[in-house]
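Colleague: Pasting structure.cif here (mmCIF, C-alpha atoms):
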```cif
data_final
loop_
_atom_site.label_atom_id
_atom_site.label_comp_id
_atom_site.auth_asym_id
_atom_site.auth_seq_id
_atom_site.Cartn_x
_atom_site.Cartn_y
_atom_site.Cartn_z
CA MET A 279 82.27 97.41 89.74
CA SER A 280 84.37 94.24 89.45
CA GLN A 281 86.68 93.30 92.29
CA THR A 282 90.26 94.64 92.19
CA PHE A 283 93.10 92.46 93.42
CA SER A 284 96.91 92.28 93.43
CA LEU A 285 98.71 90.84 90.42
CA SER A 286 102.31 90.26 89.37
CA ALA A 287 103.78 89.98 85.88
CA THR A 288 107.14 88.26 85.45
CA THR A 289 109.61 89.17 82.70
CA LEU A 290 113.27 88.97 81.69
CA PHE A 291 116.04 91.04 83.25
CA GLY A 292 116.23 94.48 81.63
CA LEU A 293 112.63 94.53 80.38
CA GLU A 294 110.91 95.48 83.64
CA GLU A 295 110.30 99.15 82.78
CA ILE A 296 108.95 98.25 79.34
CA LEU A 297 106.54 95.74 80.88
CA ALA A 298 105.40 98.37 83.38
CA GLU A 299 104.57 100.72 80.49
CA GLU A 300 102.64 97.97 78.73
CA LEU A 301 100.62 97.25 81.87
CA LYS A 302 99.96 100.94 82.48
CA SER A 303 98.62 101.34 78.93
CA LEU A 304 96.15 98.50 79.61
CA GLY A 305 94.78 100.22 82.70
CA ALA A 306 96.78 98.53 85.46
CA LYS A 307 97.15 100.55 88.67
CA ASN A 308 99.61 100.82 91.57
CA LEU A 309 102.58 99.61 89.54
CA ARG A 310 105.80 98.69 91.35
CA VAL A 311 108.81 97.67 89.28
CA GLN A 312 110.93 94.90 90.81
CA ARG A 313 113.78 92.76 89.51
CA ARG A 314 112.34 90.54 86.77
CA PHE A 315 108.71 91.29 87.67
CA VAL A 316 106.19 94.09 88.04
CA GLU A 317 103.56 94.23 90.78
CA PHE A 318 100.24 95.90 89.95
CA SER A 319 96.54 95.84 90.72
CA GLY A 320 93.61 95.19 88.43
CA ASP A 321 90.40 93.24 88.04
CA GLN A 322 89.52 90.16 86.00
CA TYR A 323 89.33 92.28 82.84
CA ILE A 324 92.88 93.58 83.36
CA MET A 325 94.19 90.09 84.14
CA TYR A 326 92.71 88.63 80.95
CA LYS A 327 93.89 91.60 78.91
CA ALA A 328 97.44 91.42 80.31
CA ASN A 329 97.69 87.78 79.21
CA LEU A 330 96.49 88.63 75.70
CA TRP A 331 98.27 91.96 75.21
CA CYS A 332 101.61 92.05 77.07
CA ARG A 333 104.46 91.35 74.67
CA THR A 334 107.16 91.39 77.36
CA ALA A 335 105.40 89.38 80.10
CA ILE A 336 106.27 85.74 80.76
CA ARG A 337 103.53 84.98 83.29
CA ILE A 338 100.67 86.86 84.94
CA LEU A 339 100.35 85.68 88.54
CA LYS A 340 97.55 86.28 91.03
CA PRO A 341 98.90 86.09 94.62
CA ILE A 342 96.42 84.49 97.02
CA THR A 343 98.45 84.42 100.24
CA SER A 344 101.76 85.40 101.78
CA PHE A 345 103.24 84.39 105.12
CA THR A 346 106.43 83.91 107.10
CA ILE A 347 107.94 80.52 107.89
CA TYR A 348 110.50 79.57 110.54
CA LYS A 349 110.50 75.79 110.16
CA GLU A 350 109.44 73.28 107.53
CA LYS A 351 106.08 72.39 109.05
CA ASP A 352 105.03 76.07 108.90
CA LEU A 353 104.74 75.79 105.13
CA TYR A 354 102.46 72.75 105.31
CA SER A 355 100.23 74.26 108.02
CA GLU A 356 99.84 77.64 106.25
CA ILE A 357 98.97 76.01 102.91
CA ARG A 358 96.33 73.89 104.65
CA LYS A 359 94.63 77.02 105.98
CA ILE A 360 93.63 78.11 102.47
CA HIS A 361 90.08 77.20 101.40
CA TRP A 362 91.13 75.15 98.39
CA ASP A 363 87.56 74.35 97.33
CA GLN A 364 87.45 77.97 96.04
CA TYR A 365 90.03 77.01 93.42
CA VAL A 366 89.80 73.27 92.70
CA THR A 367 87.39 70.36 92.82
CA PRO A 368 88.27 66.75 93.69
CA GLN A 369 88.23 66.07 89.95
CA SER A 370 90.77 68.84 89.19
CA THR A 371 94.46 68.41 88.49
CA ILE A 372 97.17 70.64 89.93
CA ALA A 373 100.84 71.45 89.40
CA ILE A 374 103.15 73.55 91.57
CA ASP A 375 106.17 75.52 90.32
CA SER A 376 108.41 76.35 93.28
CA PHE A 377 111.29 78.82 93.47
CA VAL A 378 113.50 78.86 96.56
CA ARG A 379 116.25 81.32 97.44
CA ASN A 380 118.27 81.68 100.68
CA SER A 381 115.69 79.65 102.57
CA ILE A 382 115.52 76.88 105.16
CA PHE A 383 114.43 74.79 102.18
CA THR A 384 117.14 73.77 99.73
CA HIS A 385 115.15 71.80 97.13
CA SER A 386 112.30 73.30 95.13
CA LEU A 387 110.92 69.84 94.29
CA TYR A 388 110.54 69.06 97.99
CA VAL A 389 108.71 72.37 98.49
CA SER A 390 106.33 71.50 95.64
CA GLN A 391 105.72 68.06 97.15
CA LEU A 392 104.99 69.49 100.61
CA THR A 393 102.58 72.06 99.14
CA LYS A 394 100.81 69.40 97.09
CA ASP A 395 100.44 67.20 100.19
CA ALA A 396 98.84 70.06 102.15
CA ILE A 397 96.30 70.72 99.39
CA ILE A 398 95.46 67.07 98.88
CA ASP A 399 95.17 66.31 102.60
CA GLN A 400 92.73 69.20 103.10
CA MET A 401 90.59 68.28 100.09
CA ARG A 402 90.47 64.62 101.12
CA GLU A 403 89.38 65.62 104.61
CA LYS A 404 86.67 67.99 103.30
CA LYS A 405 85.42 66.13 100.23
CA GLY A 406 86.44 62.53 100.80
CA CYS A 407 88.55 62.46 97.62
CA ARG A 408 91.50 64.39 96.26
CA PRO A 409 92.66 66.30 93.17
CA GLY A 410 95.21 64.68 90.89
CA VAL A 411 98.60 65.90 89.70
CA ASP A 412 99.35 66.79 86.07
CA LEU A 413 102.69 68.51 85.59
CA LYS A 414 102.21 69.20 81.87
CA ASP A 415 98.61 70.38 81.52
CA PRO A 416 96.98 70.96 84.93
CA ASP A 417 93.63 72.57 85.63
CA LEU A 418 95.35 74.80 88.19
CA ARG A 419 99.01 75.80 88.10
CA LEU A 420 100.41 77.35 91.27
CA ASN A 421 103.53 79.45 91.67
CA LEU A 422 105.27 79.25 95.07
CA HIS A 423 108.10 81.70 95.75
CA ILE A 424 110.21 81.48 98.91
CA GLN A 425 112.77 84.23 99.57
CA GLN A 426 114.55 83.63 102.89
CA ASN A 427 111.58 83.01 105.21
CA GLN A 428 108.96 84.92 103.19
CA VAL A 429 106.48 82.89 101.12
CA VAL A 430 104.19 84.08 98.33
CA LEU A 431 101.74 81.64 96.77
CA SER A 432 100.08 82.65 93.50
CA LEU A 433 97.69 81.28 90.93
CA ASP A 434 99.31 81.18 87.49
CA SER A 435 96.76 82.72 85.14
CA SER A 436 98.90 82.14 82.03
CA GLY A 437 99.41 78.37 82.03
CA ASP A 438 102.15 77.97 79.44
CA SER A 439 104.75 80.73 79.42
CA LEU A 440 103.51 83.72 77.43
CA HIS A 441 106.64 83.64 75.26
CA LYS A 442 105.05 80.61 73.58
CA ARG A 443 102.99 82.68 71.17
CA GLY A 444 101.97 79.69 69.04
CA TYR A 445 103.20 80.83 65.63
CA ARG A 446 106.62 79.19 65.77
CA ILE A 447 106.27 75.60 64.59
CA GLN A 448 109.99 75.10 64.08
CA THR A 449 113.17 76.73 65.35
CA ASN A 450 116.85 76.65 64.58
CA THR A 451 119.35 75.38 67.15
CA VAL A 452 119.49 78.57 69.26
CA PRO A 453 116.08 80.27 68.94
CA LEU A 454 115.51 83.76 70.31
CA ASN A 455 112.82 83.94 72.99
CA GLU A 456 109.76 85.82 71.66
CA VAL A 457 109.51 87.96 74.81
CA LEU A 458 113.17 88.95 74.48
CA ALA A 459 112.70 89.74 70.78
CA ALA A 460 109.67 91.96 71.51
CA GLY A 461 111.54 93.70 74.32
CA ILE A 462 114.48 94.43 72.03
CA LEU A 463 112.10 95.90 69.44
CA TYR A 464 110.66 98.22 72.07
CA LEU A 465 114.18 99.23 73.12
CA THR A 466 115.03 100.20 69.53
CA GLY A 467 112.24 102.77 69.54
CA TRP A 468 111.14 101.59 66.08
CA ASP A 469 108.08 103.64 65.10
CA CYS A 470 106.23 100.71 63.45
CA ASN A 471 105.87 102.94 60.39
CA SER A 472 109.21 102.62 58.55
CA SER A 473 111.44 99.96 57.01
CA PHE A 474 112.52 97.07 59.23
CA ILE A 475 115.05 94.37 58.43
CA ASP A 476 116.77 91.47 60.16
CA PRO A 477 119.55 90.27 57.82
CA MET A 478 120.43 87.24 60.01
CA CYS A 479 116.86 86.27 60.84
CA GLY A 480 117.26 82.63 61.94
CA SER A 481 113.75 81.27 62.54
CA GLY A 482 112.20 84.69 61.88
CA THR A 483 111.29 85.78 65.41
CA PHE A 484 112.32 89.44 65.05
CA VAL A 485 110.44 90.01 61.80
CA ILE A 486 107.28 88.24 62.98
CA GLU A 487 107.24 90.16 66.26
CA ALA A 488 107.84 93.39 64.30
CA ALA A 489 104.92 92.68 61.97
CA MET A 490 102.67 91.87 64.92
CA MET A 491 103.58 95.17 66.58
CA ALA A 492 103.05 97.16 63.37
CA LEU A 493 99.66 95.56 62.73
CA GLY A 494 98.57 95.88 66.34
CA ARG A 495 98.15 92.09 66.48
CA ILE A 496 98.05 90.92 70.08
CA PRO A 497 100.74 88.40 71.14
CA GLY A 498 97.98 86.09 72.40
CA TYR A 499 96.39 85.99 68.93
CA TYR A 500 97.61 82.47 68.11
CA ARG A 501 96.99 80.90 71.53
CA SER A 502 93.87 78.91 72.31
CA LYS A 503 94.63 78.21 75.99
CA PHE A 504 95.43 80.23 79.10
CA GLY A 505 95.56 78.98 82.66
CA PHE A 506 92.61 81.13 83.80
CA MET A 507 90.30 79.33 81.37
CA ARG A 508 90.14 76.38 83.79
CA TRP A 509 89.57 78.44 86.91
CA LEU A 510 86.23 78.00 88.65
CA ASP A 511 85.41 81.70 88.14
CA TYR A 512 86.34 81.85 84.42
CA ASP A 513 84.20 84.36 82.52
CA ALA A 514 84.21 83.20 78.89
CA GLY A 515 82.08 86.11 77.72
CA LEU A 516 84.48 88.66 79.17
CA TYR A 517 87.51 86.93 77.64
CA HIS A 518 86.04 86.59 74.15
CA GLY A 519 84.88 90.21 74.24
CA ILE A 520 88.47 91.36 74.91
CA GLN A 521 89.79 89.05 72.19
CA ASP A 522 87.22 90.16 69.60
CA GLU A 523 87.88 93.85 70.30
CA ALA A 524 91.62 93.37 69.81
CA ILE A 525 91.22 91.50 66.52
CA LYS A 526 88.73 94.09 65.23
CA ASN A 527 91.24 96.91 65.78
CA GLU A 528 94.05 95.26 63.80
CA LYS A 529 95.43 97.05 60.73
CA GLU A 530 95.04 95.32 57.40
CA ILE A 531 97.79 97.04 55.37
CA LEU A 532 101.39 98.03 56.08
CA ALA A 533 102.78 100.78 53.86
CA PHE A 534 106.44 99.89 54.48
CA PRO A 535 108.59 96.74 54.09
CA ILE A 536 109.49 94.22 56.79
CA GLU A 537 112.24 91.90 55.57
CA GLY A 538 114.39 89.09 56.87
CA SER A 539 117.21 87.09 55.38
CA ASP A 540 119.52 84.22 56.25
CA VAL A 541 122.41 82.68 54.37
CA ASN A 542 121.73 79.27 55.94
CA LYS A 543 119.26 77.34 53.78
CA LYS A 544 117.69 75.47 56.70
CA SER A 545 117.18 78.69 58.69
CA PHE A 546 115.68 80.35 55.62
CA GLN A 547 113.21 77.49 55.19
CA ILE A 548 112.28 77.54 58.90
CA ALA A 549 111.70 81.30 58.80
CA CYS A 550 109.47 80.95 55.74
CA ARG A 551 107.40 78.23 57.44
CA ASN A 552 107.01 80.27 60.61
CA VAL A 553 105.95 83.37 58.65
CA GLN A 554 103.40 81.25 56.83
CA ASN A 555 102.15 79.70 60.07
CA ALA A 556 101.75 83.20 61.51
CA ALA A 557 99.69 84.20 58.41
CA MET A 558 102.19 87.01 57.75
CA GLU A 559 103.11 86.28 54.12
CA ASP A 560 101.48 89.55 53.00
CA TYR A 561 103.59 91.60 55.39
CA ILE A 562 107.02 89.91 55.61
CA GLN A 563 109.50 89.03 52.87
CA ILE A 564 112.21 86.45 53.61
CA HIS A 565 115.38 86.24 51.47
CA HIS A 566 117.96 83.47 51.16
CA ARG A 567 121.05 85.69 50.97
CA ALA A 568 124.19 86.52 52.89
CA PHE A 569 124.23 89.75 54.87
CA GLU A 570 126.84 91.24 52.53
CA GLU A 571 124.77 90.50 49.40
CA LEU A 572 121.48 91.83 50.72
CA ALA A 573 120.18 95.23 49.65
CA PRO A 574 118.19 96.74 52.54
CA PRO A 575 114.79 98.33 51.90
CA PRO A 576 114.68 102.13 51.50
CA ALA A 577 115.82 104.27 54.42
CA PRO A 578 114.97 105.49 56.96
CA GLY A 579 114.58 102.27 58.85
CA VAL A 580 115.72 100.04 61.67
CA MET A 581 118.00 97.04 61.30
CA VAL A 582 118.19 94.45 64.10
CA MET A 583 120.38 91.36 64.05
CA ASN A 584 121.44 88.60 66.44
CA PRO A 585 124.72 87.29 64.97
CA PRO A 586 126.41 84.08 66.17
CA TYR A 587 128.13 84.29 69.54
CA GLY A 588 130.80 81.73 68.66
CA GLU A 589 129.74 78.46 70.27
CA ARG A 590 130.36 76.52 67.06
CA GLN A 591 132.70 78.82 65.12
CA GLU A 592 136.45 79.33 65.15
CA VAL A 593 137.66 82.62 66.63
CA ASP A 594 139.15 83.82 63.35
CA GLN A 595 135.92 83.09 61.44
CA LEU A 596 133.84 84.86 64.05
CA ARG A 597 136.13 87.89 64.13
CA GLU A 598 135.92 88.20 60.35
CA LYS A 599 132.12 87.98 60.53
CA TYR A 600 131.93 90.86 63.03
CA LYS A 601 134.35 92.96 60.95
CA ARG A 602 132.11 92.41 57.90
CA ILE A 603 129.10 93.55 59.90
CA GLY A 604 130.78 96.91 60.47
CA ASP A 605 131.84 97.22 56.82
CA VAL A 606 128.38 96.40 55.47
CA LEU A 607 126.66 98.78 57.87
CA LYS A 608 128.93 101.62 56.71
CA ASN A 609 128.48 100.86 53.02
CA LYS A 610 124.82 99.82 52.74
CA TYR A 611 122.85 101.11 55.72
CA GLU A 612 123.06 104.88 55.45
CA ASN A 613 120.29 106.66 57.35
CA TYR A 614 119.43 103.45 59.19
CA THR A 615 119.53 102.89 62.92
CA ALA A 616 121.30 99.56 63.40
CA TYR A 617 121.12 97.31 66.45
CA VAL A 618 123.33 94.30 67.09
CA PHE A 619 122.33 91.92 69.89
CA THR A 620 125.27 89.74 70.86
CA GLY A 621 126.62 87.55 73.61
CA ASN A 622 130.23 87.89 72.43
CA LEU A 623 131.36 91.30 73.65
CA ARG A 624 135.00 90.65 72.77
CA GLU A 625 134.32 90.07 69.09
CA ALA A 626 131.65 92.80 68.94
CA LYS A 627 134.48 95.32 69.35
CA HIS A 628 135.63 94.35 65.85
CA ILE A 629 132.49 95.84 64.31
CA GLY A 630 134.63 98.96 64.49
CA LEU A 631 131.81 101.50 64.84
CA LYS A 632 130.97 103.79 67.73
CA THR A 633 127.91 102.79 69.72
CA SER A 634 125.38 105.41 70.82
CA PHE A 635 123.57 103.07 73.23
CA ARG A 636 124.33 99.86 75.11
CA LYS A 637 121.82 97.79 77.06
CA GLU A 638 122.59 94.77 79.22
CA LEU A 639 120.24 91.83 78.62
CA PHE A 640 120.40 88.04 78.92
CA ASN A 641 119.70 85.43 76.28
CA GLY A 642 119.00 82.51 78.57
CA ALA A 643 122.06 82.40 80.83
CA ILE A 644 124.27 84.29 78.34
CA ASP A 645 125.24 87.85 79.32
CA CYS A 646 124.47 89.94 76.22
CA ARG A 647 124.43 93.53 75.02
CA LEU A 648 122.13 95.37 72.66
CA LEU A 649 124.40 97.76 70.74
CA LYS A 650 123.07 100.75 68.79
CA TYR A 651 124.80 102.29 65.76
CA ASP A 652 123.52 105.47 64.08
CA MET A 653 124.39 105.14 60.40
CA TYR A 654 124.47 108.70 59.05
CA ALA A 655 124.99 109.53 55.39
CA GLY A 656 128.35 111.30 55.10
CA SER A 657 129.67 113.00 58.23
CA LYS A 658 127.41 113.54 61.23
#
```
Please express what this file holds, its structure, as structure tokens.

Modeller:
Amino acid sequence: MSQTFSLSATTLFGLEEILAEELKSLGAKNLRVQRRFVEFSGDQYIMYKANLWCRTAIRILKPITSFTIYKEKDLYSEIRKIHWDQYVTPQSTIAIDSFVRNSIFTHSLYVSQLTKDAIIDQMREKKGCRPGVDLKDPDLRLNLHIQQNQVVLSLDSSGDSLHKRGYRIQTNTVPLNEVLAAGILYLTGWDCNSSFIDPMCGSGTFVIEAAMMALGRIPGYYRSKFGFMRWLDYDAGLYHGIQDEAIKNEKEILAFPIEGSDVNKKSFQIACRNVQNAAMEDYIQIHHRAFEELAPPPAPGVMVMNPPYGERQEVDQLREKYKRIGDVLKNKYENYTAYVFTGNLREAKHIGLKTSFRKELFNGAIDCRLLKYDMYAGSK
């Protein structure tokens, strides 16, 4: 039996329960849902699998110690107690991401510096030389979280954020985070077996994530690097076995359409390139048409869109756009379930349709809502 240990998966606000379900389906145990993260337990197999499989996780962290501090020097002394030669060699490079809230410390950069000094001082004393620092591509990335006087130090098994799938080679000016897009798709309840369309697709994130879900393609499919690959206990055979099993179980054919469209020529071109880079040309069709001119694929189906919030548009133009959304949904999307994700709640009222579901989410720092509209044919 492999050793079981505590793990933590971070996510975006509003997606915690979805992430917990993903982790449970992979075999994670002892799940505890927190704000923006889920605690769980698992072994090396579960940790590798969570990095490859979780669509709504941002990072998979492995806590290695927790302690209480009352003054600054407590942090340094506690970090020095850890046997760092279990995790790094003098030839390794490290980076520390620190998060501080309501603490005696006020600057996260200072916390990272103090932690780095403790590690380096111990390694120099033990080995006669010290690890280096590489903030962009370290051998070991650490996550230090200080809440009031409670400290948790974790190994970051993901490396780069898991939202960086690797298929998006180009974005438009306000790209939608892949983790957020996947979470929204889960929230729609789309069955992955009926028509799907994003008529304002931007760089194509919704349609690519939808195709990946429908095919059973793991979100880590396009990535060649994870943080755990540079750990001293990395098991390459175990990792590649998990990866090969996932790829083997992918579907090859989808019996329903997945379509995207954008009226902006540059966005259309970007979406096409990203679909091609994701090797999804056989499963996704991208149109260069306005929302009003687009004929949706046969119902039943799900429509998801992320219309402009208004940062670069006049109020009157934006209001007219949201009114047209309501008109087009009524006239063209019978027997569809429509979802509008927006950060402009004032103008969203001008869609003029009754919502059957509202979910609070954030797009970066923007307070947003996912709005659901059931488009029945005739009267309900």

Colleague: Around (91.8, 77.9, 75.3) in the file's frame, which residues reach within 12 Å when counting all atoms listed in the file? Return as a ChimeraX atom specification?

Modeller: /A:330,415,417,436-438,498-509,512,514,517-518,521

Colleague: Which of these residues is nearest to Gln281 in chain A, using all atoms listed in the file: A:Ser439, A:Thr449, A:Gln322, A:Ser303?

Modeller: A:Gln322

Colleague: Separation of CA of Arg567 in chain A and CA of Pro586 in chain A, in Å?

Modeller: 16.2 Å

Colleague: Choose the residue, out of A:Thr620, A:Asn308, A:Ser355, A:Thr367, that has the smallest atom-to-atom separation from Asp395 in chain A; count only C-alpha atoms.

Modeller: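 Among the listed residues, the smallest separation from Asp395 in chain A belongs to A:Ser355.
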
Colleague: Please compute the CA of Thr343 in chain A-CA of Val430 in chain A distance, one decimal, in Å.

Modeller: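 Atom-to-atom, CA of Thr343 in chain A to CA of Val430 in chain A, that is 6.1 Å.
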
Colleague: Using only C-alpha atoms, which residues sit within 9 Å of Gln391 in chain A once same-chain residues fewer than 5 positions away are excluded, as a list of chain:residue names?

Modeller: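 With the cut-off at 9 Å, the set is A:Ile374, A:Ser386, A:Ala396.
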